[in-house]
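Raw input29.txt, compact mmCIF, C-alpha atoms:
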# COMPACT_ATOMS: atom_id res chain seq x y z
CA MET A 242 -7.07 7.37 29.61
CA SER A 243 -6.37 5.21 32.65
CA ARG A 244 -6.70 1.45 32.59
CA LEU A 245 -9.60 1.68 35.09
CA ILE A 246 -11.54 4.05 32.82
CA LEU A 247 -10.86 1.80 29.85
CA LEU A 248 -12.15 -1.20 31.79
CA ILE A 249 -15.32 0.62 32.91
CA PHE A 250 -15.93 1.76 29.34
CA ALA A 251 -15.44 -1.76 28.06
CA LEU A 252 -17.96 -3.15 30.53
CA ALA A 253 -20.51 -0.52 29.54
CA THR A 254 -20.14 -1.20 25.82
CA SER A 255 -19.65 -4.95 25.80
CA GLY A 256 -22.17 -5.96 28.45
CA GLY A 257 -19.75 -8.36 30.10
CA LEU A 258 -16.37 -8.89 31.71
CA LEU A 259 -13.16 -8.94 29.74
CA ALA A 260 -11.30 -12.22 29.63
CA LYS A 261 -7.96 -12.45 31.40
CA GLY A 262 -5.25 -10.95 29.20
CA ASP A 263 -7.62 -8.87 27.05
CA THR A 264 -6.88 -5.16 26.54
CA THR A 265 -9.36 -2.43 25.58
CA PHE A 266 -8.46 0.94 24.07
CA VAL A 267 -9.94 3.76 21.98
CA ALA A 268 -8.53 4.27 18.49
CA THR A 269 -7.39 7.81 17.69
CA GLY A 270 -7.06 7.51 13.91
CA ASN A 271 -4.84 5.61 11.50
CA PRO A 272 -2.99 3.40 12.17
CA VAL A 273 -5.59 1.90 14.50
CA PHE A 274 -3.36 -0.33 16.62
CA ARG A 275 -0.33 1.70 17.66
CA TYR A 276 1.22 -0.26 20.51
CA LYS A 277 2.24 -3.30 18.43
CA TYR A 278 2.86 -3.98 14.76
CA THR A 279 0.00 -5.65 12.90
CA ALA A 280 -0.19 -6.72 9.25
CA ASP A 281 -2.26 -8.55 6.62
CA PRO A 282 -5.68 -7.75 8.10
CA ALA A 283 -8.77 -9.86 7.53
CA ALA A 284 -12.14 -8.97 8.99
CA MET A 285 -15.50 -10.52 9.80
CA THR A 286 -18.76 -9.22 11.24
CA TYR A 287 -20.72 -11.42 13.63
CA HIS A 288 -23.68 -10.56 15.87
CA GLY A 289 -23.13 -6.79 15.74
CA THR A 290 -19.37 -6.95 16.30
CA VAL A 291 -16.51 -6.58 13.85
CA TYR A 292 -13.48 -8.80 14.31
CA ILE A 293 -10.11 -8.01 12.74
CA TYR A 294 -7.56 -10.80 12.46
CA THR A 295 -3.96 -9.81 11.80
CA GLY A 296 -0.45 -11.10 11.63
CA HIS A 297 2.08 -9.75 14.13
CA ASP A 298 5.30 -8.21 12.80
CA GLU A 299 8.02 -8.84 15.38
CA CYS A 300 11.16 -7.92 13.45
CA PRO A 301 13.38 -5.78 15.72
CA ALA A 302 14.63 -2.52 14.25
CA PRO A 303 16.83 -1.89 12.37
CA GLN A 304 16.61 -5.41 10.85
CA GLU A 305 14.62 -5.74 7.63
CA ARG A 306 12.97 -9.16 7.34
CA TYR A 307 9.67 -10.84 8.11
CA VAL A 308 9.43 -12.22 11.65
CA MET A 309 5.87 -13.45 12.26
CA ASN A 310 5.07 -16.18 14.79
CA GLU A 311 1.45 -15.59 15.80
CA TRP A 312 -1.87 -14.07 14.82
CA CYS A 313 -3.90 -11.48 16.72
CA VAL A 314 -7.61 -10.73 16.99
CA PHE A 315 -9.31 -7.42 17.81
CA SER A 316 -13.04 -6.76 18.22
CA SER A 317 -15.26 -3.67 18.30
CA SER A 318 -18.97 -2.88 18.33
CA ASP A 319 -18.47 0.70 17.10
CA MET A 320 -15.18 0.71 15.06
CA LYS A 321 -13.66 3.04 17.65
CA THR A 322 -13.33 1.20 20.96
CA TRP A 323 -11.34 -1.97 20.43
CA THR A 324 -10.48 -5.01 22.51
CA GLU A 325 -7.42 -7.08 21.76
CA HIS A 326 -8.03 -10.65 22.87
CA SER A 327 -5.41 -13.07 24.11
CA VAL A 328 -3.36 -14.57 21.28
CA PRO A 329 -5.72 -17.17 19.80
CA LEU A 330 -3.40 -18.98 17.37
CA LYS A 331 0.31 -19.43 16.65
CA ALA A 332 2.18 -21.01 13.77
CA LYS A 333 3.53 -23.66 16.16
CA ASP A 334 -0.07 -24.79 16.85
CA PHE A 335 0.18 -26.63 13.52
CA SER A 336 2.48 -29.57 14.24
CA TRP A 337 3.28 -29.97 10.53
CA ALA A 338 4.35 -26.31 10.11
CA LYS A 339 7.86 -24.93 10.46
CA GLY A 340 6.66 -21.39 11.21
CA ASP A 341 5.82 -18.06 9.54
CA ALA A 342 2.36 -16.81 10.59
CA TRP A 343 1.48 -15.09 7.33
CA ALA A 344 -1.83 -13.76 6.00
CA SER A 345 -5.09 -15.41 7.06
CA GLN A 346 -8.88 -15.12 7.19
CA VAL A 347 -11.67 -16.32 9.51
CA ILE A 348 -15.22 -17.24 8.50
CA GLU A 349 -18.18 -18.55 10.48
CA ARG A 350 -20.30 -21.53 9.50
CA ASP A 351 -22.95 -23.27 11.61
CA GLY A 352 -21.68 -21.72 14.83
CA LYS A 353 -18.03 -22.67 14.29
CA PHE A 354 -15.21 -20.38 13.19
CA TYR A 355 -12.68 -21.52 10.61
CA TRP A 356 -9.31 -19.78 10.36
CA TYR A 357 -7.40 -20.28 7.11
CA VAL A 358 -3.70 -19.44 7.47
CA ALA A 359 -0.50 -19.37 5.43
CA VAL A 360 2.61 -20.97 6.98
CA THR A 361 5.82 -22.69 5.92
CA HIS A 362 5.50 -26.48 5.77
CA LYS A 363 7.95 -28.52 7.80
CA ASP A 364 8.23 -31.51 5.44
CA ILE A 365 6.91 -30.38 2.02
CA HIS A 366 9.00 -27.66 0.44
CA GLY A 367 7.30 -24.26 0.32
CA LYS A 368 4.37 -22.40 1.78
CA ALA A 369 1.14 -24.12 2.71
CA ILE A 370 -2.38 -23.30 3.85
CA GLY A 371 -3.83 -24.76 7.01
CA VAL A 372 -7.17 -24.38 8.76
CA ALA A 373 -7.94 -24.07 12.45
CA VAL A 374 -11.33 -24.15 14.15
CA SER A 375 -12.95 -22.73 17.28
CA ASP A 376 -16.36 -22.39 18.90
CA SER A 377 -15.63 -18.69 19.46
CA PRO A 378 -14.51 -15.91 17.09
CA VAL A 379 -11.74 -15.04 19.57
CA GLY A 380 -10.56 -18.59 20.11
CA PRO A 381 -8.70 -20.48 21.26
CA PHE A 382 -8.30 -22.18 17.89
CA HIS A 383 -6.82 -25.60 17.14
CA ASP A 384 -5.71 -27.36 13.97
CA ALA A 385 -8.86 -28.73 12.34
CA ARG A 386 -7.12 -31.31 10.12
CA GLY A 387 -3.76 -32.27 11.52
CA SER A 388 -2.35 -31.64 8.05
CA ALA A 389 -2.19 -28.87 5.46
CA LEU A 390 -5.19 -28.13 3.25
CA ILE A 391 -3.00 -26.79 0.41
CA THR A 392 0.67 -27.64 -0.19
CA ASN A 393 3.11 -26.35 -2.77
CA ASP A 394 3.23 -29.62 -4.72
CA MET A 395 -0.47 -29.19 -5.56
CA THR A 396 0.13 -26.10 -7.72
CA THR A 397 3.48 -26.67 -9.45
CA GLN A 398 1.71 -27.08 -12.81
CA TYR A 399 0.98 -23.33 -12.72
CA THR A 400 4.18 -21.92 -11.25
CA LYS A 401 7.43 -23.35 -9.95
CA ILE A 402 7.95 -20.89 -7.10
CA SER A 403 7.69 -22.19 -3.54
CA TRP A 404 5.73 -19.29 -2.07
CA ASP A 405 2.64 -19.19 -4.32
CA ASP A 406 0.33 -20.94 -1.82
CA ILE A 407 -0.31 -18.03 0.54
CA ASP A 408 -2.94 -15.41 1.36
CA PRO A 409 -6.14 -17.46 1.70
CA THR A 410 -9.53 -15.74 1.42
CA VAL A 411 -12.84 -17.58 1.73
CA ILE A 412 -16.50 -16.95 0.97
CA ILE A 413 -19.74 -18.88 1.46
CA ASP A 414 -22.00 -18.14 -1.51
CA ASP A 415 -25.75 -17.62 -1.32
CA ASP A 416 -26.38 -21.27 -2.22
CA GLY A 417 -24.21 -22.46 0.66
CA GLN A 418 -21.20 -23.45 -1.45
CA ALA A 419 -17.90 -22.31 0.07
CA TYR A 420 -14.88 -21.27 -2.00
CA LEU A 421 -11.23 -20.73 -1.13
CA PHE A 422 -9.11 -18.26 -3.14
CA TRP A 423 -5.36 -17.80 -2.64
CA GLY A 424 -2.02 -17.32 -4.38
CA ASN A 425 1.12 -15.32 -5.08
CA THR A 426 1.95 -14.47 -8.73
CA GLN A 427 -0.92 -16.77 -9.71
CA CYS A 428 -4.41 -16.64 -8.18
CA TYR A 429 -6.16 -19.96 -7.51
CA TYR A 430 -9.56 -21.03 -6.28
CA ALA A 431 -11.30 -24.25 -5.27
CA LYS A 432 -14.58 -25.38 -3.77
CA LEU A 433 -14.69 -26.42 -0.12
CA LYS A 434 -16.81 -29.20 1.30
CA LYS A 435 -19.48 -28.21 3.81
CA ASN A 436 -17.17 -29.30 6.63
CA MET A 437 -14.89 -26.39 5.53
CA ILE A 438 -11.70 -28.42 5.99
CA GLU A 439 -11.55 -30.37 2.71
CA LEU A 440 -11.46 -29.39 -0.95
CA ASP A 441 -14.48 -30.36 -3.02
CA GLY A 442 -12.96 -30.33 -6.49
CA PRO A 443 -9.84 -29.37 -8.41
CA VAL A 444 -7.61 -26.33 -7.92
CA MET A 445 -8.37 -23.87 -10.72
CA PRO A 446 -6.44 -20.77 -11.86
CA VAL A 447 -7.91 -17.27 -11.95
CA ASN A 448 -6.29 -15.02 -14.53
CA LEU A 449 -6.08 -11.40 -13.39
CA PRO A 450 -3.97 -8.58 -14.89
CA ARG A 451 -0.86 -7.54 -12.97
CA TYR A 452 -1.72 -9.90 -10.11
CA THR A 453 0.77 -10.25 -7.26
CA GLU A 454 -0.95 -11.60 -4.13
CA ALA A 455 -3.48 -10.86 -1.34
CA PRO A 456 -6.79 -11.79 -2.96
CA TRP A 457 -9.98 -10.82 -1.10
CA ILE A 458 -13.34 -12.12 -2.29
CA HIS A 459 -16.64 -10.45 -1.34
CA LYS A 460 -20.14 -10.04 -2.73
CA ARG A 461 -22.51 -7.06 -2.84
CA GLY A 462 -25.88 -7.43 -4.50
CA ASP A 463 -25.45 -9.43 -7.72
CA TRP A 464 -21.75 -8.60 -8.08
CA TYR A 465 -18.72 -10.56 -6.94
CA TYR A 466 -15.59 -8.54 -6.25
CA LEU A 467 -12.07 -9.94 -6.32
CA SER A 468 -9.54 -7.40 -5.08
CA TYR A 469 -5.81 -8.09 -4.90
CA ALA A 470 -2.34 -6.62 -4.47
CA SER A 471 -0.83 -5.64 -7.82
CA GLU A 472 2.80 -5.25 -8.93
CA PHE A 473 5.55 -4.28 -6.45
CA PRO A 474 5.55 -2.06 -4.47
CA GLU A 475 1.92 -3.05 -4.17
CA LYS A 476 -1.29 -1.18 -4.79
CA ILE A 477 -4.74 -2.78 -4.60
CA CYS A 478 -6.67 -3.44 -7.82
CA TYR A 479 -9.93 -5.26 -8.37
CA ALA A 480 -12.13 -7.13 -10.84
CA MET A 481 -15.87 -7.83 -10.92
CA SER A 482 -18.03 -10.68 -12.13
CA ARG A 483 -21.68 -11.79 -12.12
CA SER A 484 -20.45 -15.31 -11.29
CA ILE A 485 -17.95 -16.49 -8.75
CA ASN A 486 -16.53 -18.69 -11.50
CA GLY A 487 -15.84 -15.65 -13.69
CA PRO A 488 -15.11 -14.31 -16.18
CA TRP A 489 -13.58 -11.47 -14.17
CA GLU A 490 -13.56 -7.96 -15.63
CA TYR A 491 -10.66 -5.80 -14.48
CA LYS A 492 -11.83 -2.45 -13.05
CA GLY A 493 -8.59 -0.72 -12.07
CA VAL A 494 -6.87 0.60 -8.96
CA LEU A 495 -8.79 0.63 -5.70
CA ASN A 496 -6.07 1.71 -3.26
CA GLU A 497 -2.79 3.41 -4.12
CA LEU A 498 0.70 2.66 -2.79
CA ALA A 499 1.00 3.29 0.92
CA GLY A 500 4.45 4.77 0.32
CA ASN A 501 5.94 3.48 3.56
CA SER A 502 5.23 -0.23 3.00
CA ASN A 503 6.15 -2.28 -0.05
CA THR A 504 3.25 -4.65 0.57
CA ASN A 505 -0.46 -3.98 0.73
CA HIS A 506 -3.15 -6.32 2.03
CA GLN A 507 -6.85 -5.55 2.29
CA ALA A 508 -10.12 -6.70 3.81
CA ILE A 509 -13.49 -5.34 2.69
CA ILE A 510 -16.55 -5.66 4.91
CA GLU A 511 -19.97 -4.15 5.51
CA PHE A 512 -20.71 -3.20 9.11
CA LYS A 513 -23.92 -1.60 10.32
CA GLY A 514 -24.80 -0.23 6.88
CA ASN A 515 -21.34 1.15 5.98
CA TRP A 516 -18.57 -0.41 3.93
CA TYR A 517 -14.98 -0.39 5.16
CA PHE A 518 -11.56 -0.91 3.59
CA ILE A 519 -9.06 -2.36 6.06
CA TYR A 520 -5.38 -2.40 5.10
CA HIS A 521 -1.89 -1.91 6.46
CA ASN A 522 0.86 0.66 6.07
CA GLY A 523 4.22 1.24 7.75
CA GLY A 524 3.27 4.42 9.51
CA VAL A 525 3.16 3.90 13.27
CA ASN A 526 6.50 5.53 14.05
CA THR A 527 10.00 6.06 12.71
CA GLN A 528 10.74 2.34 13.11
CA GLY A 529 7.73 1.22 11.05
CA GLY A 530 7.93 0.23 7.41
CA SER A 531 7.65 -2.83 5.20
CA PHE A 532 8.57 -5.26 7.99
CA ARG A 533 6.87 -3.45 10.91
CA ARG A 534 3.41 -2.70 9.56
CA SER A 535 0.22 -1.32 11.07
CA VAL A 536 -3.48 -1.80 10.33
CA CYS A 537 -5.60 1.13 9.13
CA ILE A 538 -9.31 1.55 8.34
CA ASP A 539 -11.03 3.90 5.91
CA ARG A 540 -14.51 4.07 4.39
CA LEU A 541 -15.30 2.38 1.09
CA TYR A 542 -17.91 3.74 -1.33
CA TYR A 543 -19.63 2.30 -4.41
CA ASN A 544 -20.74 3.98 -7.62
CA PRO A 545 -24.31 3.53 -8.91
CA ASP A 546 -23.09 0.95 -11.45
CA GLY A 547 -21.57 -1.20 -8.69
CA THR A 548 -17.95 -0.26 -9.23
CA MET A 549 -15.96 0.80 -6.19
CA LYS A 550 -14.63 4.31 -5.74
CA ARG A 551 -10.91 4.65 -5.13
CA VAL A 552 -10.16 4.53 -1.42
CA ARG A 553 -8.84 7.73 0.12
CA MET A 554 -6.31 6.90 2.81
CA THR A 555 -6.62 9.19 5.84
CA THR A 556 -4.87 9.84 9.11
CA GLU A 557 -8.23 10.48 10.80
CA GLY A 558 -9.57 6.99 10.17
CA VAL A 559 -13.28 6.25 10.59
CA ALA A 560 -15.93 7.70 12.87
CA SER A 561 -17.64 5.79 15.64
CA VAL A 562 -20.65 3.75 14.46
CA THR A 563 -23.63 4.44 16.69
CA ASN A 564 -26.53 2.59 15.07
This entry written out as structure tokens:
Amino acid sequence: MSRLILLIFALATSGGLLAKGDTTFVATGNPVFRYKYTADPAAMTYHGTVYIYTGHDECPAPQERYVMNEWCVFSSSDMKTWTEHSVPLKAKDFSWAKGDAWASQVIERDGKFYWYVAVTHKDIHGKAIGVAVSDSPVGPFHDARGSALITNDMTTQYTKISWDDIDPTVIIDDDGQAYLFWGNTQCYYAKLKKNMIELDGPVMPVNLPRYTEAPWIHKRGDWYYLSYASEFPEKICYAMSRSINGPWEYKGVLNELAGNSNTNHQAIIEFKGNWYFIYHNGGVNTQGGSFRRSVCIDRLYYNPDGTMKRVRMTTEGVASVTN
């Protein structure tokens, strides 16, 4: 499909002009984004559009290490035609960070968009969590605090490793209280103040069986779901609770090993009446793998009792959403 046809299609579906530097394309299955490596997806729906926020694997083949300097954002109104927006945030946008644009998540509150990210701190040993803010879901974003929200020295009572403060996920509960979950080897959570950039209470541990990293918190009906990457190589497991404060009941495996990526990282969203499981694998081409990953999307289904059915990974991906 030519660039002109893509642009015309984008205008017809979006109702407006693309911003300078934006690129629109039609997904042809999994992986969704094939022209660059994307990892650690998070997703959000807002005003009839789904936004996927990813890290960007930049490690040149045949090297095998994490090279991640920036985050990306993609949007779609039908889960098929996607627009990549100009890079909205980089690790260097946090003056206190050394680098490493690891897993992240964006959430909207009162018309502002808060982006929680994992980076390496420049002055405090270990990983840290920062938060950026924007008036638009596609940015540009800027550091909302001028300092880290979570640093490694805040969690040493639970584990002595320097990389446990990663993989933030956030939820605003029905009563308006916001919560941040995160952690590697140990899962943590804490309340957030209404301004979304300060903690509103102590850091508390969440005990989950065979927990590794990549927590994702979501709610459906009266159930809270806490999914996470388990063991290594990683599969996705999950637990359920009637309260966001637990206790959490382990429910088993949700998504099996990808096979071509040691890590797994998921987002779970509802969009136009369907539920979706968004994850990464290493399957774009022969140079993909654990350090050159790619985002995929498949449908997610629930059982009558509220438990989630195991996700079936496909090469076809998801169909266009028309309603």
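Residue nearest Met481 of chain A within the list A:Glu454, A:Met549, A:Arg533, A:Ala419: A:Met549 [criterion: smallest interatomic distance, only C-alpha atoms].
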Could you state the separation of atom CA of Lys476 of chain A and atom CA of Ile391 of chain A in Å, given to one decimal place?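 Straight-line distance from atom CA of Lys476 of chain A to atom CA of Ile391 of chain A works out to 26.2 Å.
Look at Asp414 of chain A: the protein and nucleic acid residues within 9 Å of it, using all atoms listed in the file and passing over chain neighbours fewer than 6 places away, are Tyr420, Lys460 and Ile485 of chain A.
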From the options A:Ala470, A:Thr504, A:Val372, A:Ser403, which residue's atoms come nearest to Leu440 of chain A, counting all atoms listed in the file? A:Val372
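The closest residue to Trp404 of chain A, picked from A:Lys321, A:His362, A:His326, A:Lys492 and counting only C-alpha atoms, is A:His362.
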So that I can check the surroundings of Asp415 of chain A, please list as an MDAnalysis selection string every protein, DNA and RNA residue that reaches within 12 Å of it, counting all atoms listed in the file and ignoring chain neighbours fewer than 2 positions away. chainID A and resid 412:413 417:420 459:465 484:485
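Closest approach to Ile519 of chain A among A:Ser531, A:Asn271, A:Ser317, A:Asn310 is made by A:Asn271 (distances from only C-alpha atoms).
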Give me, as JSON, numbers by chain, all polymer residues having an atom no more than 7 Å from segment 426-428 of chain A, counting only C-alpha atoms and skipping those fewer than 2 positions away in the same chain. {"A": [405, 423, 424, 446, 447, 448, 452, 453, 454]}
Find, counting all atoms listed in the file, the residue in A:Ile348, A:Val374, A:Ala369, A:Cys478 that gets nearest to Glu497 of chain A.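 Once distances to Glu497 of chain A are computed over all atoms listed in the file, the minimum belongs to A:Cys478.
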Which protein, DNA or RNA residues have an atom at most 9 Å from (-10.2, -4.6, -4.8), counting all atoms listed in the file? List them as a count of residues only. 22
Please list as an MDAnalysis selection string every residue within 12 Å of Trp356 of chain A, counting only C-alpha atoms and excluding residues in the same chain fewer than 4 positions away. chainID A and resid 283:285 294:295 312:314 329:331 344:350 370:386 390 408:411 421 437:438
Go ahead and save the picked residues with C-alpha atoms, as a PDB file, in the coordinates of the input.
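The new file part-v7.pdb reads:
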ATOM      1  CA  ALA A 283      -8.770  -9.860   7.530  1.00  0.00           C
ATOM      2  CA  ALA A 284     -12.140  -8.970   8.990  1.00  0.00           C
ATOM      3  CA  MET A 285     -15.500 -10.520   9.800  1.00  0.00           C
ATOM      4  CA  TYR A 294      -7.560 -10.800  12.460  1.00  0.00           C
ATOM      5  CA  THR A 295      -3.960  -9.810  11.800  1.00  0.00           C
ATOM      6  CA  TRP A 312      -1.870 -14.070  14.820  1.00  0.00           C
ATOM      7  CA  CYS A 313      -3.900 -11.480  16.720  1.00  0.00           C
ATOM      8  CA  VAL A 314      -7.610 -10.730  16.990  1.00  0.00           C
ATOM      9  CA  PRO A 329      -5.720 -17.170  19.800  1.00  0.00           C
ATOM     10  CA  LEU A 330      -3.400 -18.980  17.370  1.00  0.00           C
ATOM     11  CA  LYS A 331       0.310 -19.430  16.650  1.00  0.00           C
ATOM     12  CA  ALA A 344      -1.830 -13.760   6.000  1.00  0.00           C
ATOM     13  CA  SER A 345      -5.090 -15.410   7.060  1.00  0.00           C
ATOM     14  CA  GLN A 346      -8.880 -15.120   7.190  1.00  0.00           C
ATOM     15  CA  VAL A 347     -11.670 -16.320   9.510  1.00  0.00           C
ATOM     16  CA  ILE A 348     -15.220 -17.240   8.500  1.00  0.00           C
ATOM     17  CA  GLU A 349     -18.180 -18.550  10.480  1.00  0.00           C
ATOM     18  CA  ARG A 350     -20.300 -21.530   9.500  1.00  0.00           C
ATOM     19  CA  ILE A 370      -2.380 -23.300   3.850  1.00  0.00           C
ATOM     20  CA  GLY A 371      -3.830 -24.760   7.010  1.00  0.00           C
ATOM     21  CA  VAL A 372      -7.170 -24.380   8.760  1.00  0.00           C
ATOM     22  CA  ALA A 373      -7.940 -24.070  12.450  1.00  0.00           C
ATOM     23  CA  VAL A 374     -11.330 -24.150  14.150  1.00  0.00           C
ATOM     24  CA  SER A 375     -12.950 -22.730  17.280  1.00  0.00           C
ATOM     25  CA  ASP A 376     -16.360 -22.390  18.900  1.00  0.00           C
ATOM     26  CA  SER A 377     -15.630 -18.690  19.460  1.00  0.00           C
ATOM     27  CA  PRO A 378     -14.510 -15.910  17.090  1.00  0.00           C
ATOM     28  CA  VAL A 379     -11.740 -15.040  19.570  1.00  0.00           C
ATOM     29  CA  GLY A 380     -10.560 -18.590  20.110  1.00  0.00           C
ATOM     30  CA  PRO A 381      -8.700 -20.480  21.260  1.00  0.00           C
ATOM     31  CA  PHE A 382      -8.300 -22.180  17.890  1.00  0.00           C
ATOM     32  CA  HIS A 383      -6.820 -25.600  17.140  1.00  0.00           C
ATOM     33  CA  ASP A 384      -5.710 -27.360  13.970  1.00  0.00           C
ATOM     34  CA  ALA A 385      -8.860 -28.730  12.340  1.00  0.00           C
ATOM     35  CA  ARG A 386      -7.120 -31.310  10.120  1.00  0.00           C
ATOM     36  CA  LEU A 390      -5.190 -28.130   3.250  1.00  0.00           C
ATOM     37  CA  ASP A 408      -2.940 -15.410   1.360  1.00  0.00           C
ATOM     38  CA  PRO A 409      -6.140 -17.460   1.700  1.00  0.00           C
ATOM     39  CA  THR A 410      -9.530 -15.740   1.420  1.00  0.00           C
ATOM     40  CA  VAL A 411     -12.840 -17.580   1.730  1.00  0.00           C
ATOM     41  CA  LEU A 421     -11.230 -20.730  -1.130  1.00  0.00           C
ATOM     42  CA  MET A 437     -14.890 -26.390   5.530  1.00  0.00           C
ATOM     43  CA  ILE A 438     -11.700 -28.420   5.990  1.00  0.00           C
TER      44      ILE A 438
END
Point (-18.3, -4.5, 15.0), cut-off 12 Å, counting all atoms listed in the file, residues as an NGL selection string: :A and (254-255 or 284-293 or 315-324 or 510-517 or 561-564)
Could you jot down the atom CA of Val525 of chain A to atom CA of Glu311 of chain A separation for me, Å, one decimal place? 19.7 Å
Mind pulling up the distance from atom CA of His297 of chain A to atom CA of Val328 of chain A?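 Going from atom CA of Val328 of chain A over to atom CA of His297 of chain A, I get 10.2 Å.
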Enclosing box along x, y and z for every listed atom of segment 454-457 of chain A, padded 3 Å each side, centre and size in Å, one decimal, as AutoDock Vina command-line options:
--center_x -5.5 --center_y -11.3 --center_z -2.6 --size_x 15.0 --size_y 7.0 --size_z 9.0
Just the residues within 12 Å of Ile402 of chain A, please, counting all atoms listed in the file, with nothing from its chain fewer than 2 positions along; format it as a list in words.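 These residues fall inside the cut-off: His366, Gly367, Lys368, Asn393, Asp394, Met395, Thr396, Thr397, Gln398, Tyr399, Thr400, Trp404, Asp405, Asp406, Ile407, Gly424, Asn425, Thr426 and Gln427 of chain A.
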